[in-house]
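Chemist: If it helps, the file is called run_28.cif and holds mmCIF, C-alpha atoms:
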data_input
#
loop_
_atom_site.label_atom_id
_atom_site.label_comp_id
_atom_site.auth_asym_id
_atom_site.auth_seq_id
_atom_site.Cartn_x
_atom_site.Cartn_y
_atom_site.Cartn_z
CA MET A 1 66.92 70.78 118.71
CA ARG A 2 66.37 74.45 119.62
CA ARG A 3 65.37 77.18 117.20
CA ILE A 4 67.48 80.24 118.00
CA ALA A 5 66.77 83.54 116.23
CA VAL A 6 69.98 85.16 114.99
CA ARG A 7 70.65 88.37 113.07
CA ALA A 8 74.13 88.33 111.57
CA ARG A 9 75.75 90.82 109.25
CA GLU A 10 79.09 90.22 107.58
CA GLY A 11 81.59 93.03 107.52
CA GLY A 12 84.89 94.39 108.73
CA LEU A 13 86.72 93.38 111.87
CA PRO A 14 86.71 93.35 114.76
CA GLY A 15 83.09 92.31 114.67
CA LEU A 16 80.49 92.95 117.35
CA PHE A 17 78.79 90.13 119.27
CA TRP A 18 75.82 91.07 121.44
CA LEU A 19 74.76 89.17 124.57
CA GLY A 20 71.50 90.41 126.04
CA GLY A 21 70.14 90.39 129.56
CA PHE A 22 67.74 88.24 131.54
CA LYS A 23 64.29 88.47 129.90
CA SER A 24 65.66 90.94 127.34
CA ASP A 25 65.99 90.51 123.58
CA MET A 26 68.03 91.62 120.58
CA GLN A 27 65.53 94.36 119.67
CA GLY A 28 66.38 96.41 122.76
CA THR A 29 67.65 99.98 122.51
CA LYS A 30 71.32 99.18 123.12
CA ALA A 31 71.44 96.18 120.78
CA VAL A 32 69.76 98.08 117.94
CA ALA A 33 72.01 101.13 118.43
CA LEU A 34 75.15 99.01 118.32
CA ASP A 35 73.90 97.19 115.23
CA ALA A 36 73.25 100.53 113.49
CA TRP A 37 76.70 101.81 114.47
CA ALA A 38 78.28 98.65 113.05
CA ALA A 39 76.24 98.94 109.85
CA ASP A 40 77.38 102.56 109.33
CA ARG A 41 80.98 101.43 109.57
CA LYS A 42 80.47 98.23 107.58
CA ARG A 43 81.51 96.18 110.60
CA ALA A 44 80.32 92.64 111.23
CA CYS A 45 77.65 92.33 113.90
CA VAL A 46 75.86 89.32 115.41
CA ARG A 47 72.97 89.40 117.86
CA PHE A 48 70.54 86.71 118.89
CA ASP A 49 67.87 85.76 121.42
CA TYR A 50 68.39 83.05 124.03
CA SER A 51 65.78 80.29 124.02
CA GLY A 52 62.62 81.51 125.75
CA HIS A 53 63.49 85.10 124.84
CA GLY A 54 62.37 87.38 122.02
CA GLU A 55 62.08 85.65 118.64
CA SER A 56 63.66 82.35 119.71
CA ALA A 57 61.63 79.24 120.41
CA GLY A 58 61.30 77.64 123.83
CA ASP A 59 59.70 78.43 127.16
CA PHE A 60 61.45 80.89 129.46
CA VAL A 61 60.65 78.70 132.45
CA HIS A 62 62.98 76.00 131.10
CA GLY A 63 65.96 78.35 130.85
CA THR A 64 69.17 78.04 132.87
CA ILE A 65 72.54 79.74 132.80
CA GLY A 66 74.13 76.61 131.34
CA ARG A 67 71.49 76.32 128.62
CA TRP A 68 71.89 79.95 127.56
CA LEU A 69 75.68 79.67 127.70
CA GLU A 70 75.54 76.65 125.42
CA GLU A 71 73.49 78.69 122.94
CA SER A 72 75.88 81.66 123.21
CA VAL A 73 78.90 79.49 122.42
CA ALA A 74 77.09 77.79 119.52
CA VAL A 75 76.04 81.09 117.91
CA PHE A 76 79.53 82.61 118.42
CA GLU A 77 81.25 79.66 116.79
CA ARG A 78 78.73 79.38 113.95
CA PHE A 79 78.40 83.05 112.94
CA CYS A 80 81.63 84.79 114.01
CA THR A 81 84.97 84.86 112.21
CA GLY A 82 88.09 86.68 113.34
CA PRO A 83 88.43 89.00 116.36
CA GLN A 84 85.20 90.04 118.08
CA VAL A 85 84.22 92.68 120.62
CA VAL A 86 81.71 90.94 122.87
CA ILE A 87 79.19 93.29 124.46
CA GLY A 88 77.26 91.82 127.37
CA SER A 89 74.42 93.58 129.19
CA SER A 90 73.44 92.53 132.74
CA MET A 91 73.11 88.73 132.54
CA GLY A 92 74.88 89.08 129.19
CA GLY A 93 77.91 90.29 131.14
CA TRP A 94 77.97 86.98 132.99
CA MET A 95 77.50 85.16 129.69
CA ALA A 96 80.41 87.10 128.14
CA LEU A 97 82.74 86.08 130.97
CA LEU A 98 81.60 82.46 130.77
CA LEU A 99 81.99 82.54 126.98
CA ALA A 100 85.56 83.79 127.37
CA ARG A 101 86.34 81.01 129.83
CA GLU A 102 84.76 78.38 127.59
CA LEU A 103 86.68 79.57 124.52
CA GLY A 104 89.89 79.47 126.54
CA ARG A 105 89.31 75.78 127.23
CA ARG A 106 88.80 74.88 123.57
CA PRO A 107 91.20 74.55 120.65
CA ALA A 108 91.66 77.79 118.73
CA SER A 109 88.65 78.43 116.53
CA ARG A 110 88.08 80.74 113.59
CA ALA A 111 86.78 83.46 115.95
CA SER A 112 88.56 85.07 118.90
CA LEU A 113 88.03 87.76 121.54
CA ALA A 114 89.35 91.27 120.89
CA GLY A 115 87.78 92.57 124.11
CA LEU A 116 84.72 92.60 126.38
CA VAL A 117 82.42 95.55 127.02
CA LEU A 118 80.24 94.74 130.02
CA ILE A 119 77.19 96.90 130.77
CA ALA A 120 75.93 96.63 134.38
CA PRO A 121 77.37 93.10 134.41
CA ALA A 122 75.62 90.60 136.66
CA PRO A 123 77.89 87.57 137.13
CA ASP A 124 76.56 85.10 139.72
CA PHE A 125 73.27 87.04 139.88
CA THR A 126 71.14 83.94 140.49
CA GLU A 127 72.99 83.43 143.78
CA GLU A 128 74.26 86.86 144.84
CA LEU A 129 71.45 89.12 143.61
CA MET A 130 68.51 86.71 143.70
CA TRP A 131 68.75 83.81 146.14
CA LYS A 132 70.63 85.64 148.90
CA GLY A 133 68.19 88.54 148.72
CA PHE A 134 64.95 86.60 148.54
CA SER A 135 62.61 86.45 151.50
CA SER A 136 62.28 83.19 153.43
CA GLU A 137 58.77 82.86 151.94
CA ALA A 138 60.08 83.15 148.35
CA ARG A 139 62.86 80.65 149.03
CA HIS A 140 60.40 78.22 150.60
CA GLN A 141 58.09 78.46 147.60
CA ILE A 142 60.97 77.85 145.18
CA GLU A 143 62.17 74.85 147.17
CA THR A 144 58.74 73.27 147.65
CA THR A 145 56.89 74.10 144.42
CA GLY A 146 59.84 74.57 142.05
CA ALA A 147 59.11 78.20 141.15
CA TRP A 148 58.18 81.62 142.47
CA LEU A 149 56.66 84.51 140.52
CA ARG A 150 58.93 87.49 141.04
CA PRO A 151 57.35 90.97 140.70
CA SER A 152 58.99 93.17 138.07
CA GLU A 153 59.15 96.92 137.51
CA TYR A 154 59.49 96.24 133.77
CA GLY A 155 56.31 94.15 133.21
CA ASP A 156 54.41 91.14 134.46
CA PRO A 157 55.81 88.93 137.25
CA TYR A 158 58.07 86.19 135.92
CA PRO A 159 59.01 82.76 137.28
CA ILE A 160 62.25 82.10 139.13
CA THR A 161 62.69 78.35 139.10
CA ARG A 162 64.58 76.06 141.43
CA ASN A 163 66.41 74.72 138.40
CA LEU A 164 67.62 78.22 137.45
CA ILE A 165 69.01 78.79 140.95
CA GLU A 166 70.54 75.36 141.45
CA GLU A 167 72.02 75.05 137.95
CA GLY A 168 73.39 78.60 138.21
CA ARG A 169 75.65 77.46 141.06
CA LYS A 170 77.67 75.45 138.55
CA HIS A 171 78.75 78.67 136.81
CA LEU A 172 79.69 81.02 139.65
CA LEU A 173 82.75 83.18 138.95
CA LEU A 174 83.26 85.68 141.76
CA GLY A 175 84.92 83.25 144.14
CA SER A 176 88.24 83.26 142.29
CA THR A 177 90.33 85.07 139.68
CA ILE A 178 88.63 85.39 136.28
CA GLU A 179 90.98 85.01 133.31
CA VAL A 180 89.48 86.26 130.05
CA GLY A 181 92.60 86.84 127.95
CA CYS A 182 91.51 90.21 126.55
CA PRO A 183 90.82 93.83 127.61
CA VAL A 184 87.63 94.47 129.60
CA HIS A 185 85.65 97.72 129.89
CA ILE A 186 82.85 97.79 132.49
CA LEU A 187 80.15 100.48 132.45
CA GLN A 188 78.07 100.71 135.61
CA GLY A 189 75.31 103.04 136.78
CA ALA A 190 75.66 104.27 140.37
CA ARG A 191 71.84 104.37 140.67
CA ASP A 192 71.29 100.84 139.39
CA PRO A 193 68.62 99.20 141.62
CA ASP A 194 69.09 95.73 140.08
CA VAL A 195 72.87 95.33 139.97
CA PRO A 196 74.48 97.44 142.73
CA TRP A 197 77.66 99.29 141.83
CA LYS A 198 79.51 97.27 144.50
CA HIS A 199 78.86 94.19 142.36
CA ALA A 200 80.83 95.80 139.50
CA PHE A 201 83.70 96.56 141.89
CA ALA A 202 83.71 92.95 143.11
CA LEU A 203 83.96 91.81 139.50
CA ALA A 204 86.74 94.27 138.65
CA HIS A 205 88.81 92.95 141.55
CA ARG A 206 88.56 89.43 140.12
CA LEU A 207 89.89 90.49 136.70
CA PRO A 208 93.53 91.13 135.71
CA ALA A 209 94.24 94.72 136.78
CA ASP A 210 96.26 95.74 133.72
CA ASP A 211 93.48 95.26 131.19
CA VAL A 212 90.37 96.49 133.03
CA VAL A 213 88.61 99.87 132.84
CA LEU A 214 85.61 100.59 135.08
CA THR A 215 83.44 103.58 134.17
CA MET A 216 81.00 104.64 136.89
CA ILE A 217 78.05 106.67 135.58
CA GLN A 218 76.87 108.66 138.59
CA ASP A 219 73.30 109.25 137.43
CA GLY A 220 73.00 105.96 135.50
CA ASP A 221 70.33 103.33 136.15
CA HIS A 222 70.35 99.64 135.22
CA ARG A 223 69.31 99.94 131.61
CA LEU A 224 71.89 102.57 130.58
CA SER A 225 69.83 103.22 127.44
CA ARG A 226 69.77 107.03 127.37
CA PRO A 227 71.50 108.72 124.41
CA GLN A 228 74.48 109.67 126.58
CA ASP A 229 74.73 106.09 127.86
CA ILE A 230 74.62 104.69 124.34
CA ALA A 231 77.39 107.12 123.36
CA ARG A 232 79.59 105.86 126.22
CA ILE A 233 78.97 102.22 125.25
CA ILE A 234 79.82 102.87 121.62
CA ALA A 235 82.97 104.78 122.63
CA ALA A 236 84.08 101.77 124.70
CA VAL A 237 83.46 99.45 121.76
CA ALA A 238 85.24 101.77 119.34
CA GLU A 239 88.28 102.00 121.63
CA ILE A 240 88.73 98.23 121.42
#
Show me the file's structure as structure tokens.

Modeler:
Amino acid sequence: MRRIAVRAREGGLPGLFWLGGFKSDMQGTKAVALDAWAADRKRACVRFDYSGHGESAGDFVHGTIGRWLEESVAVFERFCTGPQVVIGSSMGGWMALLLARELGRRPASRASLAGLVLIAPAPDFTEELMWKGFSSEARHQIETTGAWLRPSEYGDPYPITRNLIEEGRKHLLLGSTIEVGCPVHILQGARDPDVPWKHAFALAHRLPADDVVLTMIQDGDHRLSRPQDIARIIAAVAEI
């Protein structure tokens, strides 16, 4: 049994469903701004913290993509009704795509996808943006000890576990066409040091061309949390 912290507000449709990033939480700038926008318009909004993140129980070191996906699906099915705009930031972009695929495999539920808004989406990041870019020393430490402390510009070093890397390989998406069954709007900063803009292009090429918009923000970083970035995100959500 896992204790997952959820903040859910009932309201009009389509509702908003927030999926945060790796080591992020539902009290971040973008999540709070979207929640406030939804509240002003009396729209439903659901946000939560993955286990090992924010207000949820659990140890971050035990987290995997599959574990956090399982939690995302459970919260979506428990707290959402009717069409939803799913907003995924960084790792949350990967989660949103996996959520769409998982919902497509299940019988129709009481909630559905109206569209995806992906902010600096990082599908396959454990393999493409972590493992392939790690030094031989970091890889050796992960393989022999089970974890490596990765330095971070945003705080203390954090553990990258062998389980995170190996389990992540079960959920890779960029090797084939990604069917989501709804419109997708990607917002990507050209100056993002964590998720290169080429990664967003690789994702866009795997999605159906007729329902995908890619907005490149020339002076944008990874967080895309400036007022002008928030305005672009909200405009993408409002359009759906």

Chemist: Would you mind telling me which residue in A:Glu137, A:Asp156, A:Glu143, A:Glu127 lies nearest to Gly168 in chain A when using all atoms listed in the file?

Modeler: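 So, comparing all the options, the nearest one is A:Glu127.
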
Chemist: Hey, what's within 8 Å of range 7-14 of chain A if we count only C-alpha atoms and toss same-chain stuff fewer than 3 positions away? As a list of chain:residue names, please?

Modeler: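 Residues near the query, excluding close chain neighbours: A:Lys42, A:Arg43, A:Ala44, A:Cys45, A:Val46, A:Arg47, A:Phe48, A:Phe79, A:Gly82, A:Pro83, A:Gln84, A:Val85, A:Ala114.
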
Chemist: Just checking: using all atoms listed in the file, which residue out of A:Arg206, A:Arg191, A:His171, A:Arg150 ends up closest to Asp124 in chain A?

Modeler: A:His171

Chemist: Running the PyMOL selection byres ((chain A and resi 211) around 10) on this model by hand, what would come out? Give it as an mmCIF file with C-alpha atoms, keeping the file's coordinate frame.

Modeler:
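Just written: selection_32.cif:
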data_model
loop_
_atom_site.group_PDB
_atom_site.id
_atom_site.type_symbol
_atom_site.label_atom_id
_atom_site.label_comp_id
_atom_site.auth_asym_id
_atom_site.auth_seq_id
_atom_site.Cartn_x
_atom_site.Cartn_y
_atom_site.Cartn_z
ATOM 1 C CA GLY A 115 87.780 92.570 124.110
ATOM 2 C CA VAL A 180 89.480 86.260 130.050
ATOM 3 C CA GLY A 181 92.600 86.840 127.950
ATOM 4 C CA CYS A 182 91.510 90.210 126.550
ATOM 5 C CA PRO A 183 90.820 93.830 127.610
ATOM 6 C CA VAL A 184 87.630 94.470 129.600
ATOM 7 C CA HIS A 185 85.650 97.720 129.890
ATOM 8 C CA LEU A 207 89.890 90.490 136.700
ATOM 9 C CA PRO A 208 93.530 91.130 135.710
ATOM 10 C CA ALA A 209 94.240 94.720 136.780
ATOM 11 C CA ASP A 210 96.260 95.740 133.720
ATOM 12 C CA VAL A 212 90.370 96.490 133.030
ATOM 13 C CA VAL A 213 88.610 99.870 132.840
#

Chemist: Evaluate the PyMOL selection byres ((chain A and resi 202) around 12) on the structure here and hand back the selected residues as a PDB file with C-alpha atoms, in the coordinates of the input.

Modeler:
ATOM      1  CA  PRO A 121      77.370  93.100 134.410  1.00  0.00           C
ATOM      2  CA  ALA A 122      75.620  90.600 136.660  1.00  0.00           C
ATOM      3  CA  PRO A 123      77.890  87.570 137.130  1.00  0.00           C
ATOM      4  CA  ASP A 124      76.560  85.100 139.720  1.00  0.00           C
ATOM      5  CA  GLU A 128      74.260  86.860 144.840  1.00  0.00           C
ATOM      6  CA  LEU A 173      82.750  83.180 138.950  1.00  0.00           C
ATOM      7  CA  LEU A 174      83.260  85.680 141.760  1.00  0.00           C
ATOM      8  CA  GLY A 175      84.920  83.250 144.140  1.00  0.00           C
ATOM      9  CA  SER A 176      88.240  83.260 142.290  1.00  0.00           C
ATOM     10  CA  THR A 177      90.330  85.070 139.680  1.00  0.00           C
ATOM     11  CA  ILE A 178      88.630  85.390 136.280  1.00  0.00           C
ATOM     12  CA  ILE A 186      82.850  97.790 132.490  1.00  0.00           C
ATOM     13  CA  VAL A 195      72.870  95.330 139.970  1.00  0.00           C
ATOM     14  CA  PRO A 196      74.480  97.440 142.730  1.00  0.00           C
ATOM     15  CA  TRP A 197      77.660  99.290 141.830  1.00  0.00           C
ATOM     16  CA  LYS A 198      79.510  97.270 144.500  1.00  0.00           C
ATOM     17  CA  HIS A 199      78.860  94.190 142.360  1.00  0.00           C
ATOM     18  CA  ALA A 200      80.830  95.800 139.500  1.00  0.00           C
ATOM     19  CA  PHE A 201      83.700  96.560 141.890  1.00  0.00           C
ATOM     20  CA  LEU A 203      83.960  91.810 139.500  1.00  0.00           C
ATOM     21  CA  ALA A 204      86.740  94.270 138.650  1.00  0.00           C
ATOM     22  CA  HIS A 205      88.810  92.950 141.550  1.00  0.00           C
ATOM     23  CA  ARG A 206      88.560  89.430 140.120  1.00  0.00           C
ATOM     24  CA  LEU A 207      89.890  90.490 136.700  1.00  0.00           C
ATOM     25  CA  LEU A 214      85.610 100.590 135.080  1.00  0.00           C
TER      26      LEU A 214
END

Chemist: Check the smallest atom-to-atom distance from each of A:Glu167, A:Gly104, A:Ala36, A:Ser89 to Leu116 in chain A using only C-alpha atoms, then report the winner.

Modeler: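 For Leu116 in chain A, the nearest of the given residues is A:Ser89.
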